[in-house]
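Source file: structure.pdb (PDB, C-alpha atoms and all ligand atoms)
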MODEL        1
ATOM      1  CA  MET A1233     -22.651  87.035 -16.333
ATOM      2  CA  THR A1234     -25.859  86.055 -18.128
ATOM      3  CA  ARG A1235     -27.880  83.368 -16.468
ATOM      4  CA  THR A1236     -30.744  81.585 -18.120
ATOM      5  CA  LEU A1237     -33.541  81.183 -15.651
ATOM      6  CA  TYR A1238     -36.845  79.505 -16.261
ATOM      7  CA  PHE A1239     -37.483  77.823 -13.018
ATOM      8  CA  SER A1240     -40.821  76.219 -12.468
ATOM      9  CA  SER A1241     -41.922  74.586  -9.266
ATOM     10  CA  ALA A1242     -44.969  73.110 -10.979
ATOM     11  CA  PRO A1243     -43.823  71.463 -14.210
ATOM     12  CA  LYS A1244     -46.507  70.368 -16.632
ATOM     13  CA  ASP A1245     -44.284  67.819 -18.329
ATOM     14  CA  ALA A1246     -40.763  66.509 -18.584
ATOM     15  CA  SER A1247     -39.918  69.196 -21.121
ATOM     16  CA  PRO A1248     -36.389  69.220 -22.551
ATOM     17  CA  ARG A1249     -35.754  72.552 -20.853
ATOM     18  CA  ASN A1250     -35.762  70.713 -17.543
ATOM     19  CA  SER A1251     -32.983  68.250 -16.755
ATOM     20  CA  VAL A1252     -34.686  66.855 -13.671
ATOM     21  CA  VAL A1253     -38.405  66.730 -12.965
ATOM     22  CA  LEU A1254     -39.985  65.236  -9.867
ATOM     23  CA  ARG A1255     -43.736  64.905  -9.798
ATOM     24  CA  ASP A1256     -45.821  64.061  -6.712
ATOM     25  CA  VAL A1257     -42.874  62.286  -5.139
ATOM     26  CA  VAL A1258     -43.611  60.617  -1.811
ATOM     27  CA  LYS A1259     -40.996  58.833   0.271
ATOM     28  CA  VAL A1260     -42.073  56.892   3.325
ATOM     29  CA  TYR A1261     -39.521  55.186   5.546
ATOM     30  CA  GLY A1262     -40.449  52.327   7.845
ATOM     31  CA  THR A1263     -43.344  49.895   7.907
ATOM     32  CA  GLY A1264     -46.395  49.152  10.003
ATOM     33  CA  GLY A1265     -47.005  51.598  12.836
ATOM     34  CA  THR A1266     -43.601  53.269  12.644
ATOM     35  CA  THR A1267     -43.614  55.040   9.302
ATOM     36  CA  ALA A1268     -42.241  58.483   8.540
ATOM     37  CA  THR A1269     -43.277  60.447   5.476
ATOM     38  CA  VAL A1270     -40.070  62.246   4.535
ATOM     39  CA  LEU A1271     -41.128  63.511   1.102
ATOM     40  CA  ASP A1272     -44.761  64.521   1.091
ATOM     41  CA  GLY A1273     -45.796  64.961  -2.538
ATOM     42  CA  VAL A1274     -42.890  66.922  -4.013
ATOM     43  CA  THR A1275     -43.290  68.443  -7.471
ATOM     44  CA  VAL A1276     -40.295  70.394  -8.659
ATOM     45  CA  ALA A1277     -38.253  70.929 -11.834
ATOM     46  CA  PHE A1278     -34.580  71.749 -12.226
ATOM     47  CA  PRO A1279     -33.917  73.547 -15.529
ATOM     48  CA  ARG A1280     -31.098  72.542 -17.820
ATOM     49  CA  ARG A1281     -27.877  74.550 -17.555
ATOM     50  CA  THR A1282     -28.774  76.051 -14.204
ATOM     51  CA  LEU A1283     -27.544  75.655 -10.652
ATOM     52  CA  THR A1284     -30.272  75.236  -8.061
ATOM     53  CA  ALA A1285     -29.674  75.229  -4.311
ATOM     54  CA  VAL A1286     -31.949  73.152  -2.084
ATOM     55  CA  MET A1287     -32.245  74.484   1.454
ATOM     56  CA  GLY A1288     -34.292  73.830   4.564
ATOM     57  CA  PRO A1289     -34.094  72.886   8.231
ATOM     58  CA  SER A1290     -32.269  69.775   9.335
ATOM     59  CA  GLY A1291     -34.382  66.681   8.757
ATOM     60  CA  SER A1292     -36.694  68.394   6.257
ATOM     61  CA  GLY A1293     -35.847  65.824   3.580
ATOM     62  CA  LYS A1294     -33.257  67.574   1.388
ATOM     63  CA  SER A1295     -30.844  64.639   1.113
ATOM     64  CA  THR A1296     -33.729  62.249   0.557
ATOM     65  CA  LEU A1297     -34.939  64.485  -2.275
ATOM     66  CA  LEU A1298     -31.455  64.519  -3.796
ATOM     67  CA  HIS A1299     -31.123  60.737  -3.479
ATOM     68  CA  CYS A1300     -34.514  60.131  -5.122
ATOM     69  CA  ALA A1301     -33.741  62.635  -7.901
ATOM     70  CA  ALA A1302     -30.375  60.989  -8.562
ATOM     71  CA  GLY A1303     -31.617  57.406  -8.569
ATOM     72  CA  LEU A1304     -29.710  56.545  -5.387
ATOM     73  CA  ASP A1305     -33.001  55.824  -3.635
ATOM     74  CA  ARG A1306     -36.442  54.969  -4.937
ATOM     75  CA  PRO A1307     -39.542  57.003  -4.099
ATOM     76  CA  THR A1308     -42.516  55.245  -2.537
ATOM     77  CA  SER A1309     -44.685  56.844  -5.243
ATOM     78  CA  GLY A1310     -44.508  59.558  -7.865
ATOM     79  CA  SER A1311     -42.251  60.001 -10.867
ATOM     80  CA  VAL A1312     -38.672  61.151 -11.378
ATOM     81  CA  ASN A1313     -37.428  62.104 -14.831
ATOM     82  CA  VAL A1314     -33.718  62.748 -15.334
ATOM     83  CA  ASP A1315     -32.271  63.828 -18.664
ATOM     84  CA  GLY A1316     -35.324  62.368 -20.396
ATOM     85  CA  ALA A1317     -35.279  59.013 -18.584
ATOM     86  CA  GLU A1318     -38.088  57.965 -16.266
ATOM     87  CA  LEU A1319     -36.129  56.557 -13.324
ATOM     88  CA  THR A1320     -39.062  54.815 -11.710
ATOM     89  CA  ALA A1321     -39.414  52.637 -14.828
ATOM     90  CA  LEU A1322     -35.793  51.471 -14.769
ATOM     91  CA  GLY A1323     -34.457  48.246 -13.295
ATOM     92  CA  GLU A1324     -31.399  48.266 -11.036
ATOM     93  CA  THR A1325     -28.914  47.571 -13.837
ATOM     94  CA  GLU A1326     -30.301  50.326 -16.061
ATOM     95  CA  LEU A1327     -30.383  52.710 -13.119
ATOM     96  CA  THR A1328     -26.758  51.970 -12.283
ATOM     97  CA  ARG A1329     -25.780  52.557 -15.899
ATOM     98  CA  LEU A1330     -27.653  55.857 -16.048
ATOM     99  CA  ARG A1331     -26.009  57.075 -12.830
ATOM    100  CA  ARG A1332     -22.603  56.040 -14.110
ATOM    101  CA  ASP A1333     -22.952  57.462 -17.621
ATOM    102  CA  ARG A1334     -25.092  60.576 -17.232
ATOM    103  CA  LEU A1335     -24.823  61.771 -13.650
ATOM    104  CA  GLY A1336     -22.068  63.154 -11.459
ATOM    105  CA  PHE A1337     -21.904  63.240  -7.667
ATOM    106  CA  VAL A1338     -20.113  65.471  -5.173
ATOM    107  CA  PHE A1339     -20.517  64.804  -1.452
ATOM    108  CA  GLN A1340     -19.458  66.691   1.674
ATOM    109  CA  SER A1341     -17.038  63.916   2.609
ATOM    110  CA  TYR A1342     -15.343  63.819  -0.859
ATOM    111  CA  ASN A1343     -15.640  59.987  -1.111
ATOM    112  CA  LEU A1344     -12.146  59.511  -2.553
ATOM    113  CA  VAL A1345     -10.294  56.192  -2.469
ATOM    114  CA  PRO A1346      -7.306  56.781  -0.146
ATOM    115  CA  THR A1347      -5.028  54.198  -1.756
ATOM    116  CA  LEU A1348      -5.391  55.667  -5.250
ATOM    117  CA  THR A1349      -3.660  58.746  -6.636
ATOM    118  CA  VAL A1350      -5.571  61.858  -7.667
ATOM    119  CA  ARG A1351      -5.433  60.820 -11.333
ATOM    120  CA  GLN A1352      -6.607  57.286 -10.506
ATOM    121  CA  ASN A1353      -9.468  58.610  -8.384
ATOM    122  CA  VAL A1354     -10.611  60.874 -11.196
ATOM    123  CA  THR A1355     -10.590  58.089 -13.802
ATOM    124  CA  LEU A1356     -12.021  55.373 -11.528
ATOM    125  CA  PRO A1357     -15.735  55.748 -12.519
ATOM    126  CA  ALA A1358     -14.842  55.606 -16.221
ATOM    127  CA  GLU A1359     -12.725  52.529 -15.642
ATOM    128  CA  LEU A1360     -15.469  50.821 -13.657
ATOM    129  CA  ALA A1361     -17.796  51.589 -16.567
ATOM    130  CA  GLY A1362     -15.321  50.030 -18.993
ATOM    131  CA  ARG A1363     -14.740  53.340 -20.765
ATOM    132  CA  ARG A1364     -11.333  54.406 -21.945
ATOM    133  CA  THR A1365     -10.445  57.960 -21.020
ATOM    134  CA  GLY A1366      -7.720  59.733 -22.958
ATOM    135  CA  ALA A1367      -4.797  60.881 -20.806
ATOM    136  CA  GLU A1368      -5.093  64.375 -22.302
ATOM    137  CA  ALA A1369      -8.734  64.675 -21.249
ATOM    138  CA  VAL A1370      -7.777  63.772 -17.680
ATOM    139  CA  THR A1371      -4.863  66.204 -17.670
ATOM    140  CA  ARG A1372      -7.145  68.910 -19.056
ATOM    141  CA  VAL A1373      -9.658  68.442 -16.225
ATOM    142  CA  LEU A1374      -6.916  68.304 -13.584
ATOM    143  CA  THR A1375      -5.332  71.475 -14.967
ATOM    144  CA  ARG A1376      -8.664  73.289 -15.100
ATOM    145  CA  LEU A1377      -9.225  72.446 -11.447
ATOM    146  CA  GLY A1378      -5.702  73.440 -10.393
ATOM    147  CA  LEU A1379      -4.684  69.868  -9.605
ATOM    148  CA  ALA A1380      -2.092  69.135 -12.277
ATOM    149  CA  ALA A1381       0.790  69.302  -9.795
ATOM    150  CA  HIS A1382      -0.992  66.805  -7.540
ATOM    151  CA  ALA A1383      -1.900  64.184 -10.156
ATOM    152  CA  ASP A1384       0.283  61.536  -8.527
ATOM    153  CA  SER A1385      -0.483  62.469  -4.907
ATOM    154  CA  ARG A1386      -2.721  60.485  -2.561
ATOM    155  CA  PRO A1387      -5.831  62.262  -1.215
ATOM    156  CA  ALA A1388      -4.553  62.309   2.385
ATOM    157  CA  THR A1389      -1.694  64.612   1.374
ATOM    158  CA  LEU A1390      -4.151  67.243   0.049
ATOM    159  CA  SER A1391      -6.173  69.916   1.824
ATOM    160  CA  GLY A1392      -9.943  69.536   2.139
ATOM    161  CA  GLY A1393     -10.484  72.060  -0.643
ATOM    162  CA  GLN A1394      -8.094  70.215  -2.930
ATOM    163  CA  GLN A1395      -9.786  66.885  -2.146
ATOM    164  CA  GLN A1396     -13.167  68.369  -3.010
ATOM    165  CA  ARG A1397     -11.691  69.645  -6.278
ATOM    166  CA  VAL A1398     -10.601  66.067  -7.028
ATOM    167  CA  ALA A1399     -14.174  64.944  -6.426
ATOM    168  CA  ILE A1400     -15.417  67.665  -8.797
ATOM    169  CA  ALA A1401     -12.844  66.655 -11.425
ATOM    170  CA  ARG A1402     -14.093  63.087 -11.099
ATOM    171  CA  ALA A1403     -17.694  64.250 -11.531
ATOM    172  CA  LEU A1404     -16.838  66.436 -14.556
ATOM    173  CA  LEU A1405     -14.713  63.937 -16.460
ATOM    174  CA  SER A1406     -17.636  61.977 -17.892
ATOM    175  CA  GLU A1407     -19.349  65.243 -18.965
ATOM    176  CA  PRO A1408     -22.544  64.355 -17.091
ATOM    177  CA  ALA A1409     -25.927  65.885 -17.853
ATOM    178  CA  VAL A1410     -26.584  66.557 -14.164
ATOM    179  CA  ILE A1411     -24.332  66.902 -11.121
ATOM    180  CA  PHE A1412     -25.873  66.272  -7.711
ATOM    181  CA  ALA A1413     -23.947  67.902  -4.871
ATOM    182  CA  ASP A1414     -24.821  67.223  -1.218
ATOM    183  CA  GLU A1415     -23.266  69.932   0.960
ATOM    184  CA  PRO A1416     -20.139  70.182  -1.207
ATOM    185  CA  THR A1417     -18.708  72.995   0.935
ATOM    186  CA  GLY A1418     -19.905  71.686   4.291
ATOM    187  CA  ALA A1419     -16.433  70.645   5.450
ATOM    188  CA  LEU A1420     -14.458  73.530   3.925
ATOM    189  CA  ASP A1421     -13.138  76.871   5.170
ATOM    190  CA  SER A1422     -14.637  79.912   3.482
ATOM    191  CA  ARG A1423     -11.777  80.387   0.986
ATOM    192  CA  SER A1424     -11.803  76.763  -0.187
ATOM    193  CA  ALA A1425     -15.589  76.870  -0.250
ATOM    194  CA  ALA A1426     -15.486  79.921  -2.526
ATOM    195  CA  GLU A1427     -13.096  78.116  -4.903
ATOM    196  CA  VAL A1428     -15.294  75.028  -5.034
ATOM    197  CA  LEU A1429     -18.425  77.124  -5.604
ATOM    198  CA  GLY A1430     -16.663  78.989  -8.407
ATOM    199  CA  LEU A1431     -15.842  75.681 -10.085
ATOM    200  CA  LEU A1432     -19.427  74.464  -9.803
ATOM    201  CA  ARG A1433     -20.717  77.771 -11.188
ATOM    202  CA  GLY A1434     -18.209  77.502 -14.032
ATOM    203  CA  ALA A1435     -19.371  73.977 -14.841
ATOM    204  CA  VAL A1436     -22.833  75.440 -15.478
ATOM    205  CA  ASP A1437     -21.822  78.639 -17.242
ATOM    206  CA  THR A1438     -19.061  77.322 -19.489
ATOM    207  CA  ALA A1439     -19.697  73.580 -19.780
ATOM    208  CA  GLY A1440     -23.501  73.682 -19.714
ATOM    209  CA  ARG A1441     -23.948  71.280 -16.819
ATOM    210  CA  THR A1442     -27.039  71.235 -14.624
ATOM    211  CA  ILE A1443     -26.334  71.215 -10.886
ATOM    212  CA  VAL A1444     -28.625  70.478  -7.959
ATOM    213  CA  MET A1445     -26.891  71.381  -4.713
ATOM    214  CA  VAL A1446     -28.080  70.807  -1.156
ATOM    215  CA  THR A1447     -26.541  73.365   1.187
ATOM    216  CA  HIS A1448     -27.063  74.986   4.582
ATOM    217  CA  ASP A1449     -24.946  77.991   3.679
ATOM    218  CA  PRO A1450     -26.703  81.141   2.383
ATOM    219  CA  VAL A1451     -23.431  82.305   0.796
ATOM    220  CA  ALA A1452     -23.160  79.035  -1.134
ATOM    221  CA  ALA A1453     -26.828  79.337  -2.107
ATOM    222  CA  SER A1454     -26.251  82.858  -3.418
ATOM    223  CA  ILE A1455     -24.269  81.514  -6.411
ATOM    224  CA  ALA A1456     -27.343  79.567  -7.530
ATOM    225  CA  ASP A1457     -29.842  80.624 -10.156
ATOM    226  CA  ALA A1458     -32.622  79.773  -7.723
ATOM    227  CA  VAL A1459     -33.119  78.374  -4.233
ATOM    228  CA  VAL A1460     -35.781  75.791  -3.519
ATOM    229  CA  PHE A1461     -36.792  75.986   0.149
ATOM    230  CA  PHE A1462     -37.905  72.824   1.784
ATOM    231  CA  ALA A1463     -39.778  72.221   5.035
ATOM    232  CA  ASP A1464     -41.373  69.056   6.386
ATOM    233  CA  GLY A1465     -40.883  67.173   3.152
ATOM    234  CA  ARG A1466     -42.461  69.824   0.949
ATOM    235  CA  VAL A1467     -41.287  72.627  -1.296
ATOM    236  CA  VAL A1468     -42.460  75.822   0.373
ATOM    237  CA  GLU A1469     -40.904  78.462  -1.861
ATOM    238  CA  THR A1470     -38.651  79.054  -4.831
ATOM    239  CA  MET A1471     -36.429  82.143  -4.732
ATOM    240  CA  PRO A1472     -34.928  83.154  -8.094
ATOM    241  CA  ARG A1473     -31.630  85.096  -8.211
ATOM    242  CA  PRO A1474     -31.002  84.722  -4.486
ATOM    243  CA  ASP A1475     -28.740  86.888  -2.379
ATOM    244  CA  ALA A1476     -27.231  85.630   0.851
ATOM    245  CA  GLY A1477     -29.142  88.046   3.097
ATOM    246  CA  ALA A1478     -32.551  87.161   1.679
ATOM    247  CA  VAL A1479     -31.725  83.452   1.872
ATOM    248  CA  ALA A1480     -30.631  83.745   5.520
ATOM    249  CA  SER A1481     -33.839  85.611   6.396
ATOM    250  CA  ARG A1482     -35.996  82.992   4.718
ATOM    251  CA  MET A1483     -34.107  80.198   6.471
ATOM    252  CA  ALA A1484     -34.714  81.922   9.807
ATOM    253  CA  THR A1485     -38.460  81.967   9.152
ATOM    254  CA  LEU A1486     -38.276  78.220   8.496
ATOM    255  CA  GLY A1487     -36.714  77.733  11.913
ATOM    256  CA  ALA A1488     -33.208  77.035  10.651
ATOM    257  CA  PRO A1489     -30.475  79.442  11.786
ATOM    258  CA  ALA A1490     -28.475  80.568   8.748
ATOM    259  CA  GLY A1491     -25.334  78.616   7.992
ATOM    260  CA  THR A1492     -26.143  75.736  10.285
ATOM    261  CA  ASN A1493     -27.750  72.380   9.938
ATOM    262  CA  GLY A1494     -29.293  72.327  13.343
ATOM    263  CA  GLY A1495     -26.091  71.312  15.063
ATOM    264  CA  ARG A1496     -25.542  68.156  13.012
ATOM    265  CA  ARG A1497     -22.620  67.554  10.744
TER
HETATM  266  N1  LIG A1501     -32.901  55.304   5.447
HETATM  267  C1  LIG A1501     -33.698  55.938   6.307
HETATM  268  N2  LIG A1501     -34.534  55.262   7.111
HETATM  269  C2  LIG A1501     -35.355  55.911   7.958
HETATM  270  N3  LIG A1501     -35.414  57.248   8.082
HETATM  271  C3  LIG A1501     -34.599  57.974   7.309
HETATM  272  C4  LIG A1501     -33.704  57.373   6.383
HETATM  273  N4  LIG A1501     -33.035  58.361   5.750
HETATM  274  C5  LIG A1501     -33.474  59.528   6.259
HETATM  275  N5  LIG A1501     -34.412  59.299   7.187
HETATM  276  C6  LIG A1501     -35.148  60.310   7.952
HETATM  277  O1  LIG A1501     -35.729  61.191   7.030
HETATM  278  C7  LIG A1501     -35.729  62.512   7.530
HETATM  279  C8  LIG A1501     -35.127  63.436   6.495
HETATM  280  O2  LIG A1501     -33.743  63.107   6.349
HETATM  281  P1  LIG A1501     -32.800  63.870   5.312
HETATM  282  O3  LIG A1501     -31.418  63.377   5.538
HETATM  283  O4  LIG A1501     -33.372  63.765   3.953
HETATM  284  O5  LIG A1501     -32.958  65.372   5.812
HETATM  285  P2  LIG A1501     -32.044  66.631   5.496
HETATM  286  O6  LIG A1501     -32.989  67.759   5.288
HETATM  287  O7  LIG A1501     -31.101  66.315   4.418
HETATM  288  O8  LIG A1501     -31.296  66.791   6.896
HETATM  289  P3  LIG A1501     -29.846  67.404   7.226
HETATM  290  O9  LIG A1501     -29.926  68.833   6.807
HETATM  291  O10 LIG A1501     -29.758  67.274   8.706
HETATM  292  O11 LIG A1501     -28.831  66.617   6.476
HETATM  293  C9  LIG A1501     -34.986  62.480   8.855
HETATM  294  O12 LIG A1501     -35.923  62.462   9.904
HETATM  295  C10 LIG A1501     -34.213  61.187   8.782
HETATM  296  O13 LIG A1501     -34.036  60.644  10.076
ENDMDL
END

The structure given in the file should be rewritten as structure tokens.
Amino acid sequence: MTRTLYFSSAPKDASPRNSVVLRDVVKVYGTGGTTATVLDGVTVAFPRRTLTAVMGPSGSGKSTLLHCAAGLDRPTSGSVNVDGAELTALGETELTRLRRDRLGFVFQSYNLVPTLTVRQNVTLPAELAGRRTGAEAVTRVLTRLGLAAHADSRPATLSGGQQQRVAIARALLSEPAVIFADEPTGALDSRSAAEVLGLLRGAVDTAGRTIVMVTHDPVAASIADAVVFFADGRVVETMPRPDAGAVASRMATLGAPAGTNGGRR
């Protein structure tokens, strides 16, 4: 497998080779005397058509980074450029449209609508956006993700791995420029996790997507093109072509036992 890798943790500009660029991003929660600086001047770039894992101890700011990069939260200062758009310059409506049209999301808890079928869940974002999706395109995605036989099932009748595949199908359907995944395998057994990771890897290698994935699992991180290590709201290291052993060792030096999130789920 050939992987293109031109990771830079200090981007000079929002060059087209990078799908996501954060520059000097600060995020402060709270006001007055009770503030917490969760992102402390983060500058990082995520290259197009690559999968990057973001790792670090619990509470180091990984999810906050993901949320700011994906336009789900706004930084206190700094700039975020996604697929050529400067998010900090966008109003709420434009931001919502960009998220809907150009980004995909996969969360640990799947976030499926229990009353809808698999097919309806997968097409829901397009319908909310007022886009018509051809039935063949939906069937193609469901087939690719091994869900064709479950198209008319409700999520509760599926395993966790199958539910996460529905969430990935939903994220892939709109052919997004970037997929943000927050612990996509966190609730899965190792076999289902391996399937889900294979699908995410395939979305990069065959469909040219860019994926930013927060994970606590060194095995999950080992499918990435690079790992960005985070501690205390800062990027402390970038590891290209990671292997699980090296990732686990680095996590241990950051005070986070490998494969855990400090006891929180
Ligand atoms: N909306 C919020 N208001 C106040 N503090 C917040 C908010 N969201 C997150 N935090 C705080 O920011 C810090 C970083 O949280 P974040 O969820 O980004 O960390 P994380 O590295 O993803 O942690 P974990 O691995 O445990 O999920 C934590 O101390 C958290 O309590």

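The neighbours of Ala1426 (chain A) here are the residues that come within 12 Å of it, using all atoms listed in the file and leaving out any residue fewer than 3 positions away in the same chain; they are Gly1393, Gln1396, Arg1397, Pro1416, Thr1417, Gly1418, Leu1420, Asp1421, Ser1422, Arg1423, Leu1429, Gly1430, Leu1431, Leu1432, Arg1433, Asp1449, Val1451, Ala1452, Ala1453, Ser1454 and Ile1455 of chain A.
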
Hey, which residues sit close to ligand LIG 1501 (chain A)? Say within 7 Å, counting only C-alpha atoms and all ligand atoms, and write them as a compact mmCIF listing (two decimals) with C-alpha atoms, in the coordinates of the input.
# COMPACT_ATOMS: atom_id res chain seq x y z
CA TYR A 1261 -39.52 55.19 5.55
CA GLY A 1262 -40.45 52.33 7.84
CA ALA A 1268 -42.24 58.48 8.54
CA VAL A 1270 -40.07 62.25 4.54
CA GLY A 1288 -34.29 73.83 4.56
CA PRO A 1289 -34.09 72.89 8.23
CA SER A 1290 -32.27 69.78 9.34
CA GLY A 1291 -34.38 66.68 8.76
CA SER A 1292 -36.69 68.39 6.26
CA GLY A 1293 -35.85 65.82 3.58
CA LYS A 1294 -33.26 67.57 1.39
CA SER A 1295 -30.84 64.64 1.11
CA THR A 1296 -33.73 62.25 0.56
CA LEU A 1297 -34.94 64.48 -2.28
CA ASN A 1493 -27.75 72.38 9.94
CA GLY A 1494 -29.29 72.33 13.34
CA ARG A 1496 -25.54 68.16 13.01

Excluding region 1459-1462 of chain A and residues on its chain fewer than 4 positions from it, collect all residues at most 6 Å away from it, counting all atoms listed in the file, and give them as a PyMOL selection string.
-> chain A and resi 1284-1288+1466-1471

Could you jot down the CA of Pro1450 (chain A) to CA of Thr1375 (chain A) separation for me, Å, one decimal place?
->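 These two atoms are separated by 29.2 Å.
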
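Minimum distance to Thr1263 (chain A) across A:Arg1351, A:Leu1330, A:Thr1308, A:Thr1389 (counting only C-alpha atoms) occurs at A:Thr1308.
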
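CA of Gly1465 (chain A) is positioned 8.8 Å from CA of Lys1259 (chain A).
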
Among listed residues A:Thr1442, A:Ser1385, A:Thr1349, A:Thr1365, nearest Ser1406 (chain A) (using all atoms listed in the file) | A:Thr1365

Select, from A:Gly1366, A:Gly1477, A:Pro1408, A:Gly1310, the residue with the minimum atom-to-atom distance to Gly1336 (chain A), counting all atoms listed in the file.
-> A:Pro1408
